[in-house]
Amino acid sequence: MSDDDRHVRLGATGLRVSRLALGTVNFGGRVEEPAAHRLLDHAAAEGIDFVDTANIYGWRVHKGHAEEVVGRWLAARPGRRDGVVLATKVGEPMDRGPNDRGLSARNIIASCEESLRRLRTDWIDLYQLHRPDPGVGWEEIWTAMETLVRQGKIRYTGSSNFPGWGIAAGQEAARRRSLPGLASEQCLYNLAVRHAELEVIPAARHYGAGVLAWSPLHGGLLGGVLRKLAEGTAVKSAQGRAEAALPALRGTIERYEALCREFGRDPAEVGLAWVLSRPDVTAPVIGPRTPAHVDGALRALCAPLAADESARLEELFPPLGHGGAGPAAWLT
């Protein structure tokens, strides 16, 4: 696979990002700093230059730890920063104060300064709103983002976990100010959870925003969870959203893992390959804990699903309603 095939434009922007984004949610508590640096080195050597973090990540150690880990990695490798597309997020509570959370102009600007300090960089390529803040309007958000762009501290703005109507409202508010608007939306999207197809992904497509899929294996549910539980090797897949979803989906997951064996491929590769095959997805955000996990993601990228494999997965994990975007998905 050529380098051009491994990179794609982020939505309607001119920024090119790798088709896999290295997520850092496991840094601290699950992946200690030396191992995290080895992961980042390995990913970079394989052409994965899109790094996604958030100011709250690393909370198992302390909030901000993941950004600090990435910052020390960059500082120890002079010249590396120019070759990395660095994304982080703002909005989750960082302290107990009433203004230490949310999407007020005050918190956006102050949090950006803190992220820059932890990341040891002068600029953030993609500054993402971690989740909607019902009490804050888009005019205030865009005022803050305009300020940060003008100061040279961020390059693009993205959203995360926003509804389709929220994306539309943000883009229309940006148009009124003659701003580029949202470069991307980062949403939960995988074979087991396809709600984003109804309105979020169509809204992103309409407004030229890229789609970044977080939890492409649903916390390990699609990564061979039953085999790992039987072997006693389950880590992430034995907790969180995978553990919560498994009782209702056990029969489907049994058939899924059997189907993957028939394909002769690891379940994690199959689940990730499906997300990569979706036409509107810019990049899935992977959360590897070992270099082997990175290699598995690369195999998913380099070996797309065959048409018959995709069709059988669609039968096993059908789209919601009649498929496609709303309202056609639910109208008879």
# chains A, B, ... in the order shown; residues from 1 in each chain; ligands from 1
>>> residues_around(residues="region 226-231 of chain A", least_positions_apart="6", cutoff="12 Å", atoms="only C-alpha atoms", output="PyMOL selection string")
chain A and resi 220+237-239+242-243+246-247+249-258+260-261+266-268
>>> write_last_selection(atoms="C-alpha atoms", output="tab-separated table (two decimals), in the first residue's frame")
chain	number	residue	atom	x	y	z
A	220	GLY	CA	-13.00	-5.07	22.68
A	237	SER	CA	-12.87	-6.48	26.71
A	238	ALA	CA	-13.66	-7.79	30.21
A	239	GLN	CA	-14.85	-4.38	31.40
A	242	ALA	CA	-17.82	-4.47	26.04
A	243	GLU	CA	-18.79	-6.11	29.32
A	246	LEU	CA	-22.01	-8.73	25.82
A	247	PRO	CA	-25.02	-10.31	27.61
A	249	LEU	CA	-25.22	-9.68	22.07
A	250	ARG	CA	-23.58	-12.95	23.10
A	251	GLY	CA	-25.29	-15.03	20.40
A	252	THR	CA	-24.35	-12.53	17.69
A	253	ILE	CA	-20.77	-12.33	18.94
A	254	GLU	CA	-20.51	-16.14	18.93
A	255	ARG	CA	-21.55	-16.14	15.27
A	256	TYR	CA	-19.22	-13.22	14.54
A	257	GLU	CA	-16.17	-14.97	15.97
A	258	ALA	CA	-17.09	-18.14	14.06
A	260	CYS	CA	-13.96	-14.55	11.48
A	261	ARG	CA	-12.49	-18.04	11.86
A	266	ASP	CA	-8.55	-12.17	13.68
A	267	PRO	CA	-11.85	-10.62	14.88
A	268	ALA	CA	-10.14	-7.31	15.69
>>> closest_atom_pairs(of="region 17-101 of chain A", to="region 151-165 of chain A", cutoff="12 Å", atoms="only C-alpha atoms", output="Markdown table")
| residue | atom | partner | partner_atom | distance |
| --- | --- | --- | --- | --- |
| A:Asp52 | CA | A:Gly158 | CA | 11.7 |
| A:Thr53 | CA | A:Ser160 | CA | 12.0 |
| A:Ala54 | CA | A:Ser160 | CA | 10.9 |
| A:Val85 | CA | A:Arg155 | CA | 10.3 |
| A:Leu86 | CA | A:Ile154 | CA | 10.0 |
| A:Ala87 | CA | A:Gly158 | CA | 9.0 |
| A:Thr88 | CA | A:Gly158 | CA | 9.5 |
| A:Lys89 | CA | A:Ser160 | CA | 8.4 |
| A:Val90 | CA | A:Ser159 | CA | 9.7 |
| A:Gly91 | CA | A:Ser160 | CA | 10.2 |
| A:Glu92 | CA | A:Ser160 | CA | 11.5 |
>>> atom_distance(atom1="CA of Arg175 (chain A)", atom2="CA of Leu212 (chain A)")
22.4 Å
>>> atom_distance(atom1="CA of Gly28 (chain A)", atom2="CA of Glu185 (chain A)")
25.3 Å
>>> select_by_dssp(residues="region 100-328 of chain A", states="strand (DSSP E or B)", output="MDAnalysis selection string")
chainID A and resid 124:129 154:160 182:188 210:214 281:286
>>> residues_around(residues="region 288-291 of chain A", least_positions_apart="4", cutoff="7 Å", atoms="only C-alpha atoms", output="number ranges by chain")
A: 26, 31, 39, 42, 295
>>> decode(residues="region 190-218 of chain A", atoms="N, CA, C and O atoms", output="compact mmCIF listing (two decimals), in the first residue's frame")
# COMPACT_ATOMS: atom_id res chain seq x y z
N ASN A 190 -19.24 1.54 15.09
CA ASN A 190 -18.66 0.22 14.83
C ASN A 190 -19.78 -0.71 14.39
O ASN A 190 -20.94 -0.30 14.30
N LEU A 191 -19.44 -1.95 14.10
CA LEU A 191 -20.43 -2.92 13.63
C LEU A 191 -21.60 -3.08 14.59
O LEU A 191 -22.75 -3.24 14.16
N ALA A 192 -21.33 -3.02 15.89
CA ALA A 192 -22.37 -3.27 16.88
C ALA A 192 -23.21 -2.04 17.19
O ALA A 192 -24.33 -2.17 17.67
N VAL A 193 -22.67 -0.85 16.93
CA VAL A 193 -23.37 0.40 17.24
C VAL A 193 -23.34 1.29 16.01
O VAL A 193 -22.33 1.96 15.73
N ARG A 194 -24.46 1.32 15.26
CA ARG A 194 -24.49 2.01 13.97
C ARG A 194 -25.41 3.23 13.96
O ARG A 194 -25.79 3.72 12.90
N HIS A 195 -25.74 3.75 15.14
CA HIS A 195 -26.67 4.88 15.21
C HIS A 195 -26.17 6.10 14.43
O HIS A 195 -26.98 6.88 13.92
N ALA A 196 -24.86 6.27 14.34
CA ALA A 196 -24.31 7.45 13.65
C ALA A 196 -24.73 7.52 12.19
O ALA A 196 -24.72 8.59 11.59
N GLU A 197 -25.11 6.38 11.61
CA GLU A 197 -25.52 6.36 10.20
C GLU A 197 -26.83 7.11 9.96
O GLU A 197 -27.10 7.53 8.84
N LEU A 198 -27.63 7.26 11.01
CA LEU A 198 -28.95 7.87 10.84
C LEU A 198 -28.86 9.37 10.55
O LEU A 198 -29.49 9.87 9.62
N GLU A 199 -28.10 10.12 11.37
CA GLU A 199 -28.06 11.57 11.19
C GLU A 199 -26.67 12.17 11.34
O GLU A 199 -26.36 13.16 10.68
N VAL A 200 -25.83 11.61 12.22
CA VAL A 200 -24.52 12.22 12.47
C VAL A 200 -23.65 12.17 11.22
O VAL A 200 -23.11 13.20 10.78
N ILE A 201 -23.48 10.99 10.65
CA ILE A 201 -22.63 10.86 9.47
C ILE A 201 -23.21 11.61 8.27
O ILE A 201 -22.46 12.31 7.56
N PRO A 202 -24.52 11.55 8.00
CA PRO A 202 -25.07 12.38 6.91
C PRO A 202 -24.84 13.88 7.12
O PRO A 202 -24.56 14.59 6.16
N ALA A 203 -24.96 14.35 8.36
CA ALA A 203 -24.71 15.77 8.62
C ALA A 203 -23.25 16.12 8.35
O ALA A 203 -22.94 17.15 7.74
N ALA A 204 -22.34 15.26 8.81
CA ALA A 204 -20.92 15.50 8.56
C ALA A 204 -20.63 15.52 7.06
O ALA A 204 -19.89 16.40 6.57
N ARG A 205 -21.21 14.59 6.34
CA ARG A 205 -21.01 14.54 4.88
C ARG A 205 -21.51 15.82 4.22
O ARG A 205 -20.83 16.42 3.40
N HIS A 206 -22.71 16.25 4.61
CA HIS A 206 -23.32 17.43 3.99
C HIS A 206 -22.47 18.68 4.22
O HIS A 206 -22.35 19.52 3.31
N TYR A 207 -21.89 18.79 5.40
CA TYR A 207 -21.14 20.01 5.74
C TYR A 207 -19.64 19.87 5.55
O TYR A 207 -18.87 20.73 5.96
N GLY A 208 -19.20 18.78 4.95
CA GLY A 208 -17.78 18.64 4.63
C GLY A 208 -16.89 18.35 5.81
O GLY A 208 -15.70 18.67 5.78
N ALA A 209 -17.45 17.74 6.87
CA ALA A 209 -16.64 17.38 8.03
C ALA A 209 -16.21 15.92 7.93
O ALA A 209 -17.00 15.06 7.55
N GLY A 210 -14.97 15.66 8.25
CA GLY A 210 -14.51 14.27 8.28
C GLY A 210 -15.14 13.53 9.44
O GLY A 210 -15.66 14.14 10.38
N VAL A 211 -15.11 12.21 9.39
CA VAL A 211 -15.66 11.37 10.46
C VAL A 211 -14.53 10.53 11.05
O VAL A 211 -13.87 9.77 10.34
N LEU A 212 -14.33 10.69 12.35
CA LEU A 212 -13.37 9.89 13.10
C LEU A 212 -14.17 8.95 13.99
O LEU A 212 -15.00 9.40 14.78
N ALA A 213 -13.95 7.65 13.85
CA ALA A 213 -14.75 6.66 14.57
C ALA A 213 -14.02 6.21 15.82
O ALA A 213 -12.98 5.56 15.72
N TRP A 214 -14.55 6.59 16.98
CA TRP A 214 -13.92 6.10 18.21
C TRP A 214 -14.55 4.78 18.64
O TRP A 214 -15.67 4.48 18.28
N SER A 215 -13.77 4.00 19.38
CA SER A 215 -14.16 2.64 19.80
C SER A 215 -14.61 1.79 18.62
O SER A 215 -15.71 1.22 18.63
N PRO A 216 -13.78 1.65 17.58
CA PRO A 216 -14.19 0.87 16.41
C PRO A 216 -14.41 -0.61 16.71
O PRO A 216 -15.04 -1.32 15.91
N LEU A 217 -13.91 -1.10 17.86
CA LEU A 217 -14.15 -2.48 18.26
C LEU A 217 -15.07 -2.54 19.49
O LEU A 217 -15.19 -3.58 20.13
N HIS A 218 -15.72 -1.44 19.80
CA HIS A 218 -16.63 -1.32 20.93
C HIS A 218 -15.99 -1.84 22.21
O HIS A 218 -16.52 -2.72 22.90
